[in-house]
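Peer 1: Structure file start_35.txt (compact mmCIF, C-alpha atoms) right here:
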```txt
# COMPACT_ATOMS: atom_id res chain seq x y z
CA MET W 240 4.63 16.56 -39.41
CA THR W 241 7.44 15.45 -37.14
CA TRP W 242 6.11 12.75 -34.88
CA LYS W 243 7.25 12.67 -31.26
CA PRO W 244 6.40 9.93 -28.79
CA SER W 245 4.51 10.71 -25.61
CA PRO W 246 6.56 12.18 -22.77
CA GLU W 247 4.73 9.74 -20.48
CA PRO W 248 5.48 6.30 -21.94
CA ASN W 249 4.37 4.49 -18.79
CA ARG W 250 1.06 6.33 -18.47
CA TYR W 251 -2.00 4.31 -19.42
CA ASP W 252 -4.41 6.63 -21.25
CA ARG W 253 -7.70 5.17 -20.02
CA GLU W 254 -9.86 7.78 -21.74
CA ARG W 255 -8.33 7.15 -25.15
CA VAL W 256 -8.51 3.38 -24.77
CA ALA W 257 -12.16 3.71 -23.72
CA SER W 258 -12.91 5.54 -26.97
CA PHE W 259 -11.70 2.42 -28.81
CA THR W 260 -14.01 0.08 -26.85
CA PRO W 261 -17.04 0.52 -29.21
CA VAL W 262 -14.89 -0.74 -32.11
CA ARG W 263 -13.98 -3.90 -30.23
CA GLN W 264 -17.59 -4.43 -29.13
CA ALA W 265 -18.96 -3.97 -32.66
CA ILE W 266 -16.56 -6.61 -33.97
CA MET W 267 -17.48 -8.97 -31.12
CA ASP W 268 -21.13 -8.50 -32.11
CA LEU W 269 -20.35 -10.08 -35.51
CA HIS W 270 -20.25 -13.41 -33.62
CA LEU W 271 -17.53 -14.91 -35.76
CA PRO W 272 -16.15 -18.37 -35.06
CA ALA W 273 -12.99 -18.22 -32.96
CA LEU W 274 -10.72 -19.23 -35.83
CA ARG W 275 -12.04 -16.41 -38.05
CA TYR W 276 -11.99 -13.86 -35.25
CA ARG W 277 -8.32 -14.49 -34.53
CA LYS W 278 -6.88 -12.14 -37.18
CA LEU W 279 -9.33 -9.36 -36.34
CA ASN W 280 -8.43 -9.70 -32.67
CA GLY W 281 -4.73 -9.48 -33.53
CA ILE W 282 -5.26 -6.12 -35.27
CA LEU W 283 -7.49 -4.89 -32.43
CA ASN W 284 -4.82 -5.74 -29.86
CA ALA W 285 -2.11 -4.04 -31.93
CA LEU W 286 -4.18 -0.85 -32.13
CA GLU W 287 -4.99 -0.87 -28.43
CA MET W 288 -1.36 -1.36 -27.49
CA GLN W 289 -0.45 1.48 -29.83
CA ILE W 290 -2.81 4.00 -28.28
CA GLU W 291 -2.71 3.08 -24.60
CA ASP W 292 0.31 5.19 -23.61
CA GLY W 293 0.48 7.83 -26.34
CA GLY W 294 3.65 6.42 -27.85
CA ASP W 295 2.04 5.70 -31.21
CA SER W 296 2.35 7.00 -34.75
CA PRO W 297 -0.56 8.36 -36.84
CA ASP W 298 0.73 6.58 -39.93
CA VAL W 299 0.95 3.20 -38.19
CA ASN W 300 -2.52 3.63 -36.70
CA HIS W 301 -3.97 4.60 -40.09
CA HIS W 302 -2.61 1.43 -41.67
CA LEU W 303 -3.92 -0.71 -38.81
CA LEU W 304 -7.39 0.80 -39.12
CA GLU W 305 -7.37 0.18 -42.88
CA ALA W 306 -6.28 -3.41 -42.27
CA LEU W 307 -9.15 -3.80 -39.81
CA ARG W 308 -11.69 -2.43 -42.32
CA GLU W 309 -10.48 -4.68 -45.12
CA ASN W 310 -10.47 -7.73 -42.88
CA ILE W 311 -14.08 -7.09 -41.83
CA ARG W 312 -15.10 -6.77 -45.47
CA HIS W 313 -13.24 -9.98 -46.22
CA GLN W 314 -14.81 -11.88 -43.31
CA VAL W 315 -18.47 -10.78 -43.51
CA GLY W 316 -18.86 -8.30 -46.38
CA GLU W 317 -19.81 -4.61 -46.40
CA LYS W 318 -23.47 -5.07 -45.49
CA ARG W 319 -23.11 -7.35 -42.47
CA GLY W 320 -20.06 -5.46 -41.28
CA ARG W 321 -21.72 -2.03 -41.55
CA ALA W 322 -22.01 -1.40 -37.77
CA ALA W 323 -18.39 -2.36 -37.15
CA LEU W 324 -17.17 -0.21 -40.05
CA ARG W 325 -19.21 2.72 -38.71
CA ALA W 326 -17.62 2.29 -35.26
CA ILE W 327 -14.17 2.36 -36.88
CA ASP W 328 -15.04 5.56 -38.78
CA THR W 329 -16.24 7.24 -35.55
CA PHE W 330 -13.02 6.30 -33.77
CA ALA W 331 -10.92 7.45 -36.74
CA GLN W 332 -12.65 10.87 -36.69
CA LYS W 333 -11.83 11.31 -33.00
CA GLU W 334 -8.25 10.30 -33.69
CA ALA W 335 -7.99 12.79 -36.57
CA LYS W 336 -8.98 15.62 -34.21
CA ARG W 337 -6.46 14.37 -31.70
CA TRP W 338 -3.63 14.39 -34.23
CA GLU W 339 -4.57 17.95 -35.20
CA GLN W 340 -4.02 18.91 -31.56
CA VAL W 341 -0.70 17.07 -31.56
CA ARG W 342 0.41 19.03 -34.64
CA ALA W 343 -0.70 22.32 -33.08
CA GLY W 344 0.90 21.52 -29.74
CA THR W 345 -2.45 21.95 -27.95
CA LEU W 346 -3.02 18.34 -26.86
CA PRO W 347 -4.03 18.40 -23.17
CA PRO W 348 -2.18 16.13 -20.75
CA ILE W 349 -3.55 12.70 -20.01
CA THR W 350 -6.35 12.92 -17.49
CA LEU W 351 -5.37 11.02 -14.37
CA MET W 352 -7.86 8.75 -12.69
CA PRO W 353 -7.93 9.05 -8.88
CA GLN W 354 -6.25 5.65 -8.58
CA GLU W 355 -3.44 6.74 -10.91
CA ARG W 356 -2.91 9.98 -8.98
CA LEU W 357 -2.74 8.00 -5.74
CA GLU W 358 -0.19 5.58 -7.17
CA ASP W 359 1.93 8.49 -8.42
CA LEU W 360 1.98 10.15 -5.00
CA ILE W 361 2.80 6.90 -3.22
CA GLY W 362 5.53 6.05 -5.73
CA ASP W 363 7.02 9.54 -5.46
CA GLY W 364 7.13 9.14 -1.69
CA TYR W 365 9.02 5.85 -1.89
CA ASP W 366 11.49 7.42 -4.33
CA LEU W 367 12.09 10.31 -1.93
CA LEU W 368 12.61 7.90 0.96
CA GLU W 369 15.25 6.07 -1.06
CA ALA W 370 16.87 9.45 -1.73
CA ARG W 371 16.89 10.04 2.05
CA GLN W 372 14.46 12.95 1.93
CA PRO W 373 11.94 11.91 4.63
CA ILE W 374 10.22 15.29 5.00
CA ALA W 375 9.56 15.66 1.27
CA ALA W 376 8.44 12.01 1.18
CA MET W 377 5.92 12.54 3.97
CA ASN W 378 4.53 15.64 2.29
CA LYS W 379 3.82 13.50 -0.77
CA TRP W 380 2.30 10.76 1.36
CA LEU W 381 0.10 13.12 3.35
CA GLU W 382 -1.19 14.37 -0.01
CA ALA W 383 -1.74 10.73 -0.99
CA TRP W 384 -3.72 10.16 2.21
CA GLU W 385 -5.98 13.09 1.29
CA GLN W 386 -6.51 11.37 -2.06
CA VAL W 387 -7.42 8.12 -0.27
CA LYS W 388 -10.03 9.94 1.82
CA GLN W 389 -11.63 11.25 -1.37
CA MET W 390 -11.75 7.74 -2.83
CA VAL W 391 -13.21 5.97 0.22
CA THR W 392 -16.95 5.34 0.15
CA PRO W 393 -19.15 4.53 3.19
CA GLU W 394 -19.25 0.82 2.40
CA MET W 395 -15.43 0.56 2.40
CA ARG W 396 -15.09 -0.07 6.13
CA THR W 397 -11.71 -1.83 5.92
CA VAL W 398 -8.56 -1.28 3.88
CA ASP W 399 -9.15 -4.68 2.27
CA ALA W 400 -12.48 -3.36 0.99
CA PHE W 401 -10.65 -0.37 -0.49
CA ASP W 402 -8.11 -2.66 -2.18
CA ALA W 403 -10.96 -4.78 -3.60
CA ALA W 404 -12.61 -1.65 -5.02
CA TYR W 405 -9.37 -0.51 -6.67
CA PRO W 406 -7.66 -3.70 -7.88
CA GLY W 407 -4.34 -3.73 -9.65
CA MET W 408 -2.61 -1.07 -7.59
CA TYR W 409 1.14 -1.58 -7.42
CA GLN W 410 1.10 -1.18 -3.64
CA SER W 411 -1.83 -2.43 -1.54
CA LEU W 412 -3.34 0.24 0.67
CA SER W 413 -3.00 -1.93 3.78
CA ASN W 414 0.77 -2.17 3.44
CA TRP W 415 1.20 1.48 2.47
CA CYS W 416 -0.90 2.75 5.37
CA SER W 417 1.40 0.89 7.76
CA ASP W 418 4.44 2.38 6.05
CA LEU W 419 2.93 5.86 6.33
CA GLU W 420 2.41 5.45 10.05
CA MET W 421 6.02 4.35 10.63
CA GLU W 422 7.62 6.89 8.31
CA LEU W 423 5.70 9.77 9.91
CA HIS W 424 7.49 8.82 13.13
CA ASN W 425 10.85 8.88 11.37
CA ALA W 426 10.08 12.29 9.86
CA GLY W 427 9.06 13.50 13.31
CA LEU W 428 12.58 12.90 14.54
CA ASN W 429 13.63 15.72 12.19
CA ASP W 430 10.55 17.92 12.57
CA ALA W 431 8.14 17.42 15.47
CA VAL W 432 5.16 18.58 13.42
CA TYR W 433 5.11 15.11 11.85
CA PHE W 434 4.38 13.58 15.26
CA ALA W 435 1.20 15.68 15.22
CA HIS W 436 0.51 14.49 11.66
CA ARG W 437 0.97 10.91 12.85
CA ALA W 438 -1.58 11.27 15.66
CA SER W 439 -4.09 12.96 13.35
CA TYR W 440 -3.54 10.30 10.68
CA VAL W 441 -4.36 7.52 13.15
CA ASN W 442 -7.62 9.24 14.12
CA GLU W 443 -8.59 9.65 10.48
CA PHE W 444 -7.58 6.12 9.52
CA LEU W 445 -9.71 4.52 12.22
CA ALA W 446 -12.63 6.80 11.32
CA GLN W 447 -12.36 5.87 7.63
CA PHE W 448 -11.95 2.13 8.28
CA PRO W 449 -13.87 1.38 11.49
CA ASP W 450 -14.15 -2.38 10.95
CA GLU W 451 -10.42 -3.10 11.06
CA GLY W 452 -9.42 -5.96 13.36
CA PRO W 453 -7.52 -5.94 16.66
CA ASP W 454 -4.07 -6.14 15.07
CA CYS W 455 -4.65 -2.93 13.16
CA TYR W 456 -6.23 -1.12 16.10
CA VAL W 457 -3.37 -2.08 18.40
CA SER W 458 -0.75 -0.98 15.89
CA MET W 459 -2.47 2.31 15.11
CA LEU W 460 -3.29 3.27 18.69
CA ARG W 461 0.24 2.41 19.80
CA ALA W 462 1.44 4.82 17.12
CA LYS W 463 -0.91 7.55 18.36
CA GLY W 464 0.18 7.08 21.96
CA GLU W 465 3.83 7.21 20.96
CA ALA W 466 3.30 10.37 18.90
CA LEU W 467 1.49 12.13 21.77
CA TRP W 468 4.24 11.10 24.20
CA LYS W 469 6.87 12.48 21.84
CA MET W 470 5.01 15.80 21.81
CA GLY W 471 5.13 15.96 25.61
CA ARG W 472 1.42 15.18 25.98
CA GLN W 473 1.96 12.25 28.33
CA ALA W 474 -1.46 12.33 30.03
CA GLU W 475 -3.23 12.13 26.66
CA ALA W 476 -0.91 9.35 25.55
CA GLU W 477 -1.57 7.31 28.68
CA ALA W 478 -5.31 7.72 28.17
CA VAL W 479 -4.90 6.27 24.66
CA TYR W 480 -2.92 3.29 25.96
CA GLN W 481 -5.37 2.72 28.82
CA ALA W 482 -8.29 2.62 26.42
CA LEU W 483 -6.32 0.28 24.18
CA ILE W 484 -5.62 -2.39 26.82
CA GLU W 485 -9.18 -2.12 28.14
CA ARG W 486 -10.53 -2.78 24.66
CA TYR W 487 -8.03 -5.54 23.84
CA PRO W 488 -6.73 -6.91 27.17
CA ASP W 489 -5.15 -9.99 25.57
CA GLU W 490 -3.11 -8.12 22.94
CA GLY W 491 0.46 -8.12 24.29
CA TRP W 492 1.63 -5.28 22.10
CA GLY W 493 -0.74 -2.84 23.75
CA TYR W 494 1.10 -3.30 27.04
CA ILE W 495 4.48 -3.31 25.31
CA GLY W 496 3.75 -0.04 23.51
CA TRP W 497 2.81 1.68 26.75
CA SER W 498 5.68 0.29 28.83
CA ASP W 499 8.22 1.22 26.15
CA GLN W 500 7.55 4.90 26.73
CA TYR W 501 8.87 4.70 30.30
CA TYR W 502 12.25 3.09 29.91
CA THR W 503 13.41 2.45 26.36
CA PHE W 504 15.36 4.80 24.11
CA ARG W 505 12.20 6.86 23.72
CA SER W 506 12.58 8.16 27.28
CA ARG W 507 15.51 10.31 28.37
CA THR W 508 15.10 9.33 32.04
CA PRO W 509 14.08 5.66 32.43
CA VAL W 510 11.27 4.99 34.89
CA TYR W 511 11.22 1.25 35.45
CA GLU W 512 8.45 0.60 37.98
CA PRO W 513 5.42 1.51 35.85
CA ALA W 514 6.93 -0.28 32.85
CA GLU W 515 7.41 -3.41 34.95
CA ALA W 516 3.86 -3.19 36.31
CA LEU W 517 2.41 -3.01 32.80
CA LEU W 518 4.41 -5.97 31.48
CA LEU W 519 3.56 -8.09 34.53
CA GLN W 520 -0.11 -7.12 34.16
CA ALA W 521 0.05 -8.49 30.61
CA PHE W 522 2.02 -11.59 31.56
CA GLU W 523 -0.54 -12.58 34.19
CA ARG W 524 -3.28 -12.95 31.59
CA PRO W 525 -3.62 -16.67 30.74
CA THR W 526 -4.91 -15.99 27.21
CA LEU W 527 -2.32 -13.33 26.35
CA LYS W 528 -1.21 -13.11 22.72
CA ASP W 529 2.44 -12.45 21.83
CA ARG W 530 3.55 -13.78 25.22
CA SER W 531 7.12 -14.32 24.00
CA ASP W 532 7.35 -10.65 23.00
CA VAL W 533 6.25 -9.59 26.46
CA LEU W 534 8.86 -11.94 27.91
CA GLU W 535 11.55 -10.37 25.75
CA ARG W 536 10.60 -6.93 27.03
CA LEU W 537 10.68 -8.12 30.64
CA VAL W 538 14.12 -9.66 30.21
CA GLY W 539 15.40 -6.47 28.56
CA LEU W 540 13.83 -4.32 31.27
CA TYR W 541 15.46 -6.25 34.11
CA GLU W 542 18.81 -6.26 32.35
CA GLN W 543 18.73 -2.49 31.91
CA TRP W 544 17.43 -2.06 35.47
CA SER W 545 20.19 -4.31 36.89
CA LYS W 546 17.81 -6.86 38.42
CA PRO W 547 19.65 -10.13 37.65
CA GLU W 548 17.44 -12.40 39.78
CA LYS W 549 14.23 -11.26 38.11
CA ARG W 550 15.92 -11.32 34.71
CA ALA W 551 17.03 -14.95 35.19
CA ARG W 552 13.49 -16.08 36.00
CA TYR W 553 11.95 -14.70 32.82
CA ALA W 554 14.97 -15.42 30.63
CA ALA W 555 14.63 -19.12 31.42
CA GLU W 556 11.00 -19.15 30.36
CA LEU W 557 11.81 -17.15 27.25
CA GLU W 558 14.46 -19.67 26.25
CA LYS W 559 11.97 -22.52 26.60
CA GLN W 560 9.55 -20.75 24.30
CA ARG W 561 12.26 -20.05 21.75
CA GLN W 562 13.31 -23.68 21.72
CA ARG W 563 9.73 -24.80 21.14
CA HIS W 564 9.40 -22.42 18.20
CA SER W 565 12.79 -23.17 16.66
CA ARG W 566 12.63 -26.96 16.92
CA HIS W 567 12.71 -28.50 13.45
CA ARG W 568 12.41 -25.08 11.82
CA PRO W 569 14.07 -25.21 8.37
CA LEU W 570 16.49 -22.55 7.13
CA VAL W 571 14.49 -19.92 5.26
CA ILE W 572 15.94 -17.58 2.64
CA PRO W 573 14.41 -14.08 2.68
CA PRO W 574 11.96 -13.63 -0.21
CA PRO W 575 12.32 -10.85 -2.81
CA ALA W 576 10.96 -7.44 -1.78
CA ASN W 577 7.87 -7.78 -4.00
CA GLN W 578 6.94 -11.09 -2.36
CA ARG W 579 7.14 -10.04 1.29
CA PRO W 580 4.12 -10.76 3.52
CA GLY W 581 1.70 -8.13 4.75
CA ARG W 582 2.65 -6.58 8.07
CA ASN W 583 0.03 -8.62 9.98
CA ASP W 584 0.80 -11.90 8.21
CA PRO W 585 3.17 -14.49 9.68
CA CYS W 586 6.81 -13.56 9.14
CA TRP W 587 8.60 -15.33 6.28
CA CYS W 588 11.31 -16.59 8.70
CA GLY W 589 8.94 -19.01 10.42
CA SER W 590 9.29 -17.45 13.87
CA GLY W 591 5.55 -17.56 14.42
CA LYS W 592 5.46 -13.81 14.92
CA LYS W 593 3.67 -11.30 12.77
CA TYR W 594 5.89 -9.78 10.08
CA LYS W 595 5.61 -6.30 11.65
CA GLN W 596 6.97 -7.68 14.91
CA CYS W 597 9.81 -9.63 13.34
CA HIS W 598 11.67 -8.81 10.10
CA LEU W 599 9.63 -5.86 8.76
CA ARG W 600 11.95 -3.08 9.88
CA SER W 601 15.18 -4.91 8.96
CA ASP W 602 13.76 -5.77 5.52
CA LYS W 603 12.92 -2.11 4.93
CA LYS W 604 16.45 -1.05 5.85
CA ALA W 605 17.91 -3.67 3.53
CA THR W 606 15.91 -2.41 0.54
CA ARG W 607 16.85 1.25 0.92
```
Could you render the structure as structure tokens?
Peer 2:
Amino acid sequence: MTWKPSPEPNRYDRERVASFTPVRQAIMDLHLPALRYRKLNGILNALEMQIEDGGDSPDVNHHLLEALRENIRHQVGEKRGRAALRAIDTFAQKEAKRWEQVRAGTLPPITLMPQERLEDLIGDGYDLLEARQPIAAMNKWLEAWEQVKQMVTPEMRTVDAFDAAYPGMYQSLSNWCSDLEMELHNAGLNDAVYFAHRASYVNEFLAQFPDEGPDCYVSMLRAKGEALWKMGRQAEAEAVYQALIERYPDEGWGYIGWSDQYYTFRSRTPVYEPAEALLLQAFERPTLKDRSDVLERLVGLYEQWSKPEKRARYAAELEKQRQRHSRHRPLVIPPPANQRPGRNDPCWCGSGKKYKQCHLRSDKKATR
């Protein structure tokens, strides 16, 4: 036969590797001293590496299995090694049937585990984003989100619990879910239906993971309010923002998200008074979080509104805060993309802000 390697060299064939597990266990049950087990383990590892992605050769595997049999006989003899030799024979029979399918061209594709399917969909979406195909990327990611919903169990009440249940994923769910929320907005700029997808996604996310903390709730509900506003459903959007600041009155970004809708680039006709009222409402809270961010918005508002006296008052306070944060701060080099913090972790630059509120967006642009 003409041997051809697997067309999926990076695909881990979990089912095939699992069929080899009884062989490894039977050899472990021989309870050999570590020094004597070393050679057997070397052959076991070679076989497992051969079969894990389908890029192996029947001839090589046959020789490795024969080497394993002979080494067992050498180490413990035929009688004591009977169970291990039987496990090898069982595995070899399964492999023989598999190679018959390979010869006949009837070998079924590798069965994907749910986690593998999810990783494929997420990876495909990132590839499409890099290729500047946001609509196709979001279609992949919405399919990935459906896969997530199938994998969530009732006890997984946070995304961290999901990540703990499915360790080893290339991209943590917490980071990807944030990316999905932001990229649905970007896709909506090309096709408004993705604003509706964004609002629905937020509802589903918070229903799937009800024990998420304030940072996540603020970020997600801001996204829902923004999506509704973009769809012309302003009254519904304002109800979302109102509920948000009532639930988390000390979270500055709830007020910022609402005020932004009135006067920033999101609004064709700026309406400054309600935006000012919201930011001042936030600023008056003594225990407000992200006070410097609220200050930045106030300064920007008054500059755009041509209110130099009010701008000067808040600009002076903002400068004091910046000086306090920047004093003695060392120069920080941006970390590699695979070492960036989570969106709710402190930013790598040392600003004291969360990553999502500091360098997240600029880092994403730099890596595309």
Peer 1: Counting all atoms listed in the file, which residue out of W:Ala555, W:Cys455, W:Leu357, W:Ala521 sits closest to W:Pro488?
Peer 2: W:Ala521
Peer 1: One decimal, in Å: what's the spacing between atom CA of W:Ile361 and atom CA of W:Ala383?
Peer 2: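 Between atom CA of W:Ile361 and atom CA of W:Ala383 the gap works out to 6.3 Å.
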Peer 1: Under the rule that only C-alpha atoms are counted, which of W:Glu535, W:Asp268, W:Glu548, W:Glu523 is the nearest residue to W:Ile495?
Peer 2: W:Glu535
Peer 1: For W:Arg371, which residue among W:Ile484, W:Cys586, W:Ala514, W:Ala426 is the nearest when counting only C-alpha atoms?
Peer 2: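 Among the listed residues, the smallest separation from W:Arg371 belongs to W:Ala426.
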Peer 1: Looking at W:Ser296, W:Ile266, W:Tyr541, W:Leu303, which one is nearest to W:Ile282, with distances taken over only C-alpha atoms?
Peer 2: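 Under the stated criterion, the closest residue is W:Leu303.
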Peer 1: Hey, what's within 9 Å of W:Asn310 if we count all atoms listed in the file and toss same-chain stuff fewer than 5 positions away? As number ranges by chain, please?
Peer 2: W: 278-279, 305, 315
Peer 1: With distances taken over only C-alpha atoms, which of W:His270, W:Arg337, W:Arg524, W:Arg472 is nearest to W:Gly320?
Peer 2: W:His270
